[in-house]
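Undergrad: Pasting input-v7.txt below, which is compact mmCIF, C-alpha atoms.
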```txt
# COMPACT_ATOMS: atom_id res chain seq x y z
CA MET A 165 129.97 251.96 56.32
CA VAL A 166 127.55 254.59 57.61
CA TYR A 167 128.73 258.19 57.30
CA GLN A 168 126.43 260.79 58.86
CA ASP A 169 126.54 264.58 58.88
CA HIS A 170 125.71 265.52 62.46
CA LEU A 171 123.80 268.75 61.69
CA THR A 172 121.56 267.55 58.85
CA LYS A 173 121.54 263.82 59.73
CA PHE A 174 122.23 263.13 56.04
CA VAL A 175 123.70 259.64 55.67
CA ILE A 176 125.94 258.12 53.02
CA LEU A 177 126.25 254.33 52.83
CA ARG A 178 129.15 252.41 51.31
CA PRO A 179 129.78 248.66 51.11
CA LEU A 180 133.14 247.51 52.50
CA SER A 181 135.10 244.33 51.87
CA SER A 182 136.98 244.80 55.16
CA LYS A 183 137.34 247.12 58.16
CA ARG A 184 140.89 248.13 57.28
CA ALA A 185 141.64 251.79 57.90
CA ALA A 186 143.02 252.16 54.35
CA GLU A 187 139.76 251.06 52.72
CA ILE A 188 137.61 253.22 54.98
CA ALA A 189 139.87 256.22 54.36
CA TYR A 190 139.53 255.68 50.60
CA GLN A 191 135.74 255.70 50.85
CA LEU A 192 135.75 258.75 53.14
CA LEU A 193 138.01 260.66 50.77
CA ASP A 194 135.56 260.07 47.93
CA ILE A 195 132.77 261.50 50.13
CA PHE A 196 134.90 264.47 51.22
CA LEU A 197 135.79 265.35 47.64
CA THR A 198 132.06 265.45 46.82
CA PHE A 199 130.53 267.09 49.89
CA GLY A 200 133.57 268.65 51.53
CA ALA A 201 135.42 267.37 54.58
CA PRO A 202 134.30 267.92 58.18
CA VAL A 203 136.47 269.58 60.82
CA ILE A 204 135.81 266.82 63.37
CA LEU A 205 135.62 263.09 62.67
CA GLN A 206 133.79 260.99 65.26
CA SER A 207 133.58 257.21 65.35
CA ASP A 208 132.39 254.45 67.66
CA ASN A 209 135.37 252.26 66.71
CA GLY A 210 137.83 253.69 69.23
CA ARG A 211 140.37 256.49 69.22
CA GLU A 212 143.30 254.46 67.91
CA PHE A 213 141.29 253.24 64.91
CA VAL A 214 140.19 256.79 64.02
CA ASN A 215 143.77 258.01 64.32
CA GLN A 216 144.76 255.36 61.76
CA ILE A 217 142.04 256.58 59.40
CA ILE A 218 143.10 260.21 59.79
CA THR A 219 146.70 259.20 59.06
CA GLU A 220 145.58 257.33 55.93
CA LEU A 221 143.54 260.34 54.81
CA ALA A 222 146.54 262.61 55.27
CA SER A 223 148.64 260.32 53.07
CA LEU A 224 145.97 260.38 50.35
CA CYS A 225 145.31 264.13 50.62
CA PRO A 226 148.15 266.00 52.40
CA GLU A 227 146.21 269.30 52.54
CA LEU A 228 143.34 267.66 54.45
CA LYS A 229 143.32 268.36 58.21
CA ILE A 230 140.75 266.70 60.48
CA VAL A 231 140.79 266.33 64.25
CA HIS A 232 139.56 263.38 66.29
CA GLY A 233 136.19 263.90 67.99
CA LYS A 234 135.52 263.57 71.70
CA PRO A 235 135.12 259.91 72.69
CA ARG A 236 131.67 258.69 73.73
CA HIS A 237 129.85 261.81 72.53
CA SER A 238 126.40 260.64 73.63
CA GLN A 239 124.20 262.71 71.35
CA SER A 240 125.98 262.03 68.06
CA GLN A 241 126.82 258.44 69.01
CA GLY A 242 123.20 257.72 69.89
CA SER A 243 122.06 259.23 66.61
CA VAL A 244 124.43 257.03 64.61
CA GLU A 245 123.43 253.91 66.56
CA ARG A 246 119.75 254.58 65.84
CA ALA A 247 120.55 255.23 62.18
CA ASN A 248 122.49 251.96 61.98
CA GLN A 249 119.53 250.02 63.37
CA ASP A 250 117.10 251.69 60.98
CA ILE A 251 119.39 250.98 58.02
CA GLU A 252 119.75 247.30 58.96
CA ASN A 253 115.97 246.90 59.23
CA MET A 254 115.30 248.77 55.98
CA LEU A 255 117.95 246.75 54.15
CA ALA A 256 116.48 243.46 55.43
CA VAL A 257 113.04 244.47 54.12
CA TRP A 258 114.52 245.55 50.77
CA MET A 259 116.32 242.22 50.35
CA LYS A 260 113.13 240.32 51.21
CA ASP A 261 110.96 242.36 48.84
CA ASN A 262 113.48 241.99 46.00
CA LYS A 263 114.21 238.34 46.79
CA THR A 264 117.97 238.84 46.79
CA THR A 265 120.94 238.43 49.09
CA LYS A 266 122.98 241.09 47.26
CA TRP A 267 122.72 243.64 50.07
CA ALA A 268 125.36 245.96 48.60
CA GLU A 269 123.07 246.69 45.63
CA GLY A 270 120.37 247.90 47.98
CA LEU A 271 122.49 250.44 49.85
CA LYS A 272 121.83 253.30 47.42
CA PHE A 273 118.08 252.73 47.63
CA ILE A 274 118.19 252.55 51.43
CA GLN A 275 120.34 255.70 51.54
CA PHE A 276 117.74 257.59 49.52
CA MET A 277 114.83 256.23 51.59
CA LYS A 278 116.59 257.12 54.84
CA ASN A 279 117.44 260.65 53.73
CA ARG A 280 113.94 261.44 52.48
CA SER A 281 112.25 260.26 55.72
CA LEU A 282 111.26 262.71 58.47
CA HIS A 283 113.85 262.87 61.26
CA SER A 284 112.33 263.48 64.70
CA GLY A 285 115.35 265.42 65.95
CA ILE A 286 115.60 268.05 63.19
CA LYS A 287 111.85 267.97 62.35
CA GLN A 288 112.46 267.51 58.63
CA ALA A 289 113.98 265.09 56.16
CA PRO A 290 117.81 264.98 56.13
CA TYR A 291 117.74 265.54 52.37
CA LYS A 292 115.90 268.84 52.82
CA ALA A 293 118.22 269.90 55.64
CA MET A 294 121.22 269.23 53.38
CA PHE A 295 119.94 270.68 50.07
CA GLY A 296 117.09 272.98 51.11
CA THR A 297 114.46 271.16 49.03
CA ASP A 298 112.49 267.95 49.06
CA PRO A 299 114.02 265.05 47.08
CA LYS A 300 112.80 264.58 43.52
CA VAL A 301 112.32 261.35 41.57
CA GLY A 302 112.09 262.71 38.06
CA LEU A 303 108.64 263.69 36.82
CA SER A 304 106.91 261.49 39.40
CA THR A 305 107.52 264.18 42.03
CA SER A 306 106.44 267.07 39.77
CA LYS A 307 103.08 268.83 39.84
CA LEU A 308 101.96 267.16 36.64
CA PRO A 309 99.08 264.64 36.85
CA SER A 310 100.14 260.99 36.84
CA ASP A 311 98.07 260.17 33.73
CA ILE A 312 99.94 262.84 31.77
CA ILE A 313 103.33 261.74 33.10
CA LYS A 314 102.73 258.21 31.77
CA LYS A 315 102.38 259.59 28.22
CA ILE A 316 105.66 261.54 28.26
CA ARG A 317 108.53 259.76 26.53
CA THR A 318 110.82 262.47 25.12
CA GLU A 319 111.95 266.01 25.88
CA ASP A 320 109.67 267.27 23.11
CA ASP A 321 106.71 265.58 24.81
CA LEU A 322 107.65 267.27 28.06
CA GLN A 323 107.92 270.72 26.44
CA ASP A 324 104.51 270.26 24.82
CA VAL A 325 102.99 269.37 28.19
CA LEU A 326 104.63 272.35 29.90
CA LYS A 327 103.28 274.71 27.23
CA SER A 328 99.79 273.24 27.35
CA ASN A 329 99.76 273.65 31.12
CA ASP A 330 100.98 277.29 30.89
CA ILE A 331 104.35 276.47 32.48
CA ASP A 332 107.25 278.57 31.18
CA GLU A 333 109.91 276.60 29.28
CA ASN A 334 112.56 278.13 31.53
CA ASP A 335 110.86 276.53 34.52
CA ASP A 336 111.17 272.87 35.45
CA ALA A 337 108.16 270.58 35.72
CA SER A 338 107.75 271.41 39.39
CA GLY A 339 107.42 275.11 38.63
CA SER A 340 110.79 276.19 40.04
CA SER A 341 112.35 279.05 38.08
CA SER A 342 115.97 278.81 36.94
CA SER A 343 116.56 282.56 37.28
CA ASP A 344 118.96 284.31 39.64
CA ASP A 345 116.01 284.97 41.97
CA SER A 346 115.44 281.24 42.19
CA ILE A 347 119.09 280.64 43.11
CA ASP A 348 118.94 283.27 45.85
CA ARG A 349 115.70 281.76 47.12
CA ARG A 350 117.24 278.28 47.17
CA GLN A 351 120.19 279.56 49.21
CA GLU A 352 117.78 281.10 51.69
CA GLU A 353 115.84 277.83 51.89
CA ILE A 354 119.04 275.90 52.61
CA MET A 355 120.09 278.31 55.36
CA SER A 356 116.59 278.20 56.86
CA ALA A 357 116.57 274.39 56.80
CA ARG A 358 120.02 274.25 58.45
CA GLN A 359 118.93 276.72 61.15
CA GLU A 360 115.80 274.68 61.85
CA ALA A 361 117.94 271.54 62.09
CA ALA A 362 120.35 273.20 64.54
CA GLU A 363 117.46 274.37 66.73
CA GLY A 364 115.98 270.87 66.67
CA LEU A 365 119.28 269.35 67.80
CA GLU A 366 119.56 271.87 70.62
CA ARG A 367 116.08 270.96 71.85
CA GLN A 368 116.94 267.29 71.58
CA ALA A 369 120.16 267.77 73.59
CA LYS A 370 118.31 269.57 76.38
CA LYS A 371 115.71 266.81 76.48
CA MET A 372 118.45 264.16 76.70
CA LYS A 373 120.08 265.98 79.61
CA THR A 374 116.77 266.29 81.45
CA VAL A 375 116.12 262.56 81.06
CA SER A 376 119.69 261.76 82.13
CA ASP A 377 119.43 263.94 85.25
CA LYS A 378 116.29 262.08 86.30
CA HIS A 379 117.99 258.69 86.02
CA HIS A 380 121.26 259.60 87.76
CA GLU A 381 121.66 260.66 91.35
CA ALA A 382 123.50 263.87 92.10
CA ILE A 383 127.14 263.31 93.08
CA GLU A 384 129.35 265.23 95.46
CA VAL A 385 133.09 265.74 95.73
CA GLY A 386 134.59 262.69 97.45
CA ASP A 387 131.95 260.20 96.23
CA ASN A 388 133.12 256.86 94.84
CA ILE A 389 131.79 255.98 91.40
CA ILE A 390 132.01 253.01 89.03
CA ILE A 391 132.66 253.85 85.38
CA PRO A 392 131.96 251.13 82.76
CA ILE A 393 134.52 250.82 79.97
CA PRO A 394 132.96 250.58 76.47
CA ASP A 395 133.86 247.32 74.72
CA VAL A 396 135.43 249.18 71.81
CA ASP A 397 137.93 250.87 74.14
CA LYS A 398 139.21 247.81 76.00
CA ALA A 399 141.05 244.58 75.32
CA LYS A 400 139.57 241.20 76.20
CA SER A 401 141.74 240.94 79.32
CA ASP A 402 140.89 244.44 80.60
CA LEU A 403 138.51 245.09 83.47
CA ARG A 404 134.88 245.87 82.63
CA ASN A 405 134.77 248.88 85.00
CA VAL A 406 137.10 251.27 86.75
CA VAL A 407 136.53 252.78 90.20
CA GLY A 408 136.89 256.53 90.48
CA VAL A 409 136.61 259.31 93.02
CA VAL A 410 134.92 262.65 92.28
CA LEU A 411 137.55 265.38 92.73
CA GLU A 412 135.56 268.37 91.53
CA THR A 413 132.31 269.36 89.84
CA VAL A 414 131.70 271.84 87.06
CA ALA A 415 128.86 274.33 86.61
CA GLU A 416 125.87 273.10 84.60
CA LEU A 417 125.46 274.31 81.07
CA PRO A 418 122.79 276.98 80.57
```
Could you render the structure from this file as structure tokens?
TA:
Amino acid sequence: MVYQDHLTKFVILRPLSSKRAAEIAYQLLDIFLTFGAPVILQSDNGREFVNQIITELASLCPELKIVHGKPRHSQSQGSVERANQDIENMLAVWMKDNKTTKWAEGLKFIQFMKNRSLHSGIKQAPYKAMFGTDPKVGLSTSKLPSDIIKKIRTEDDLQDVLKSNDIDENDDASGSSSSDDSIDRRQEEIMSARQEAAEGLERQAKKMKTVSDKHHEAIEVGDNIIIPIPDVDKAKSDLRNVVGVVLETVAELP
């Protein structure tokens, strides 16, 4: 299961034993109780399926209220589809490198790799957009030289190194203060990262519309059009397309 926050592009991966709504709702609830629940839940599995999940979530957490997202939301759907493809490729490489078929064990590693990678849409890593800082991997991502890091085994060793390098004991190895000023600064960094992500998504949406306009002819009231039905929204016996007639047009978005 791939869960993605639309603004930050932060993904959370969970292995599933089935596609039952009850199991998915259980996994989603665990995510919501850690990160908070969204207002809108979008899925590429069809409206009826999402309604089942929302019903299951309501039974598990009666105070939780989520609405179903607009079907076929091109920007978010495309983002999730690209993320899914990246995750599949990264997982295949991880399994090959580790010589294992236990793909579920690799999901946490792939999740971290995906979230620390630069996202072209928001112009930063999803991890930074979510938390306002670059991801850390213990001392290996600190400012300390690698030869010194190899010698550190205990907290006492670390404190000795910090003192010898003139780093205050109240600071972490990366030099970030734990004072109130640091907390305020971190909040500002998070808000700045979120704003940058939102601006990146807006630019991406405008670019998508420009490309779409170039590939689709302008339509007028009275024109006949053919609308393909997504596989997820139709039964096997349903038609692949429906024929429609344009009744009215709406003003373009600014």
Undergrad: Quote the spacing between CA of Leu303 (chain A) and CA of Tyr291 (chain A) in Å to one decimal place.
TA: 18.1 Å
Undergrad: Measuring atom to atom with only C-alpha atoms, identify which of A:Lys183, A:Lys371, A:Val203, A:Lys315 is nearest to Leu228 (chain A).
TA: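 Nearest candidate to Leu228 (chain A) out of A:Lys183, A:Lys371, A:Val203, A:Lys315: A:Val203.
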Undergrad: Can you tell me, as a list in words, which residues sit within 10 Å of (136.6, 257.0, 53.7) in the file's frame, using all atoms listed in the file?
TA: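 Applying the cut-off with all atoms listed in the file, one gets Met165, Tyr167, Arg178, Ala185, Ala186, Glu187, Ile188, Ala189, Tyr190, Gln191, Leu192, Leu193, Asp194, Ile195, Phe196, Ile217, Ile218, Glu220 and Leu221 of chain A.
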Undergrad: If we count all atoms listed in the file and set the cut-off at 8 Å, which residues sit around Gly233 (chain A), ignoring sequence neighbours fewer than 3 positions away in its own chain? Please answer as a PyMOL selection string.
TA: chain A and resi 204-207
Undergrad: Take the selection from the previous step and output its residues with C-alpha atoms, as a JSON list (two decimals), in the frame of the given file.
TA:
```json
[["chain", "number", "residue", "atom", "x", "y", "z"],
["A", 204, "ILE", "CA", 135.81, 266.82, 63.37],
["A", 205, "LEU", "CA", 135.62, 263.09, 62.67],
["A", 206, "GLN", "CA", 133.79, 260.99, 65.26],
["A", 207, "SER", "CA", 133.58, 257.21, 65.35]]
```
Undergrad: Let me have the centre and edge lengths of the axis-aligned box enclosing all listed atoms of region 171-182 of chain A with 3 Å padding on every side, in Å to one decimal, as JSON.
TA:
```
{"center_x": 129.3, "center_y": 256.5, "center_z": 56.4, "size_x": 21.4, "size_y": 30.4, "size_z": 16.6}
```
Undergrad: Ranking A:Ile313, A:Leu177, A:Met254, A:Leu197 by minimum distance to Leu271 (chain A) and counting all atoms listed in the file, which one comes first?
TA: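 Nearest candidate to Leu271 (chain A) out of A:Ile313, A:Leu177, A:Met254, A:Leu197: A:Leu177.
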Undergrad: Just the number, please: distance in Å from CA of Ala268 (chain A) to CA of Pro179 (chain A), one decimal.
TA: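 Going from CA of Ala268 (chain A) over to CA of Pro179 (chain A) covers 5.8 Å.
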Undergrad: Grab the CA of Pro202 (chain A) to CA of Val231 (chain A) distance for me, in Å with one decimal place.
TA: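 Computed distance, CA of Pro202 (chain A) to CA of Val231 (chain A), equals 9.0 Å.
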Undergrad: Starting from the incomplete input, reconstruct N, CA and C atoms of region 179-208 of chain A and write that as a short mmCIF file (atom, residue, chain, number, x, y, z; two decimals), in the coordinates of the input.
TA:
```cif
data_model
loop_
_atom_site.label_atom_id
_atom_site.label_comp_id
_atom_site.auth_asym_id
_atom_site.auth_seq_id
_atom_site.Cartn_x
_atom_site.Cartn_y
_atom_site.Cartn_z
N PRO A 179 129.42 250.04 50.78
CA PRO A 179 129.78 248.66 51.11
C PRO A 179 131.29 248.54 51.29
N LEU A 180 131.71 247.72 52.24
CA LEU A 180 133.14 247.51 52.50
C LEU A 180 133.47 246.03 52.39
N SER A 181 134.64 245.73 51.90
CA SER A 181 135.10 244.33 51.87
C SER A 181 135.87 243.99 53.13
N SER A 182 136.26 245.03 53.91
CA SER A 182 136.98 244.80 55.16
C SER A 182 136.84 246.06 56.03
N LYS A 183 137.36 245.97 57.25
CA LYS A 183 137.34 247.12 58.16
C LYS A 183 138.73 247.75 58.28
N ARG A 184 139.55 247.54 57.26
CA ARG A 184 140.89 248.13 57.28
C ARG A 184 140.79 249.64 57.16
N ALA A 185 141.65 250.33 57.90
CA ALA A 185 141.64 251.79 57.90
C ALA A 185 141.86 252.34 56.49
N ALA A 186 142.70 251.67 55.70
CA ALA A 186 143.02 252.16 54.35
C ALA A 186 141.77 252.17 53.47
N GLU A 187 140.97 251.13 53.55
CA GLU A 187 139.76 251.06 52.72
C GLU A 187 138.73 252.09 53.16
N ILE A 188 138.56 252.24 54.46
CA ILE A 188 137.61 253.22 54.98
C ILE A 188 138.04 254.63 54.61
N ALA A 189 139.35 254.91 54.71
CA ALA A 189 139.87 256.22 54.36
C ALA A 189 139.63 256.52 52.88
N TYR A 190 139.78 255.51 52.04
CA TYR A 190 139.53 255.68 50.60
C TYR A 190 138.08 256.07 50.33
N GLN A 191 137.15 255.39 51.02
CA GLN A 191 135.74 255.70 50.85
C GLN A 191 135.41 257.09 51.40
N LEU A 192 135.99 257.43 52.55
CA LEU A 192 135.75 258.75 53.14
C LEU A 192 136.28 259.86 52.25
N LEU A 193 137.43 259.64 51.65
CA LEU A 193 138.01 260.66 50.77
C LEU A 193 137.10 260.94 49.59
N ASP A 194 136.50 259.89 49.05
CA ASP A 194 135.56 260.07 47.93
C ASP A 194 134.37 260.91 48.37
N ILE A 195 133.88 260.71 49.60
CA ILE A 195 132.77 261.50 50.13
C ILE A 195 133.20 262.94 50.35
N PHE A 196 134.40 263.11 50.93
CA PHE A 196 134.90 264.47 51.22
C PHE A 196 135.10 265.29 49.96
N LEU A 197 135.54 264.64 48.88
CA LEU A 197 135.79 265.35 47.64
C LEU A 197 134.49 265.67 46.90
N THR A 198 133.37 265.14 47.39
CA THR A 198 132.06 265.45 46.82
C THR A 198 131.31 266.47 47.67
N PHE A 199 131.30 266.25 48.99
CA PHE A 199 130.53 267.09 49.89
C PHE A 199 131.39 268.07 50.70
N GLY A 200 132.70 267.88 50.65
CA GLY A 200 133.57 268.65 51.53
C GLY A 200 133.87 267.86 52.79
N ALA A 201 135.00 268.12 53.40
CA ALA A 201 135.42 267.37 54.58
C ALA A 201 134.99 268.08 55.86
N PRO A 202 134.66 267.31 56.89
CA PRO A 202 134.30 267.92 58.18
C PRO A 202 135.55 268.37 58.92
N VAL A 203 135.36 269.17 59.96
CA VAL A 203 136.47 269.58 60.82
C VAL A 203 136.76 268.49 61.85
N ILE A 204 135.69 267.84 62.33
CA ILE A 204 135.81 266.82 63.37
C ILE A 204 135.28 265.50 62.84
N LEU A 205 136.03 264.43 63.06
CA LEU A 205 135.62 263.09 62.67
C LEU A 205 135.38 262.26 63.92
N GLN A 206 134.14 261.81 64.11
CA GLN A 206 133.79 260.99 65.26
C GLN A 206 133.50 259.57 64.81
N SER A 207 133.82 258.61 65.67
CA SER A 207 133.58 257.21 65.35
C SER A 207 133.35 256.42 66.62
N ASP A 208 132.60 255.33 66.51
CA ASP A 208 132.39 254.45 67.66
C ASP A 208 133.35 253.27 67.63
#
```
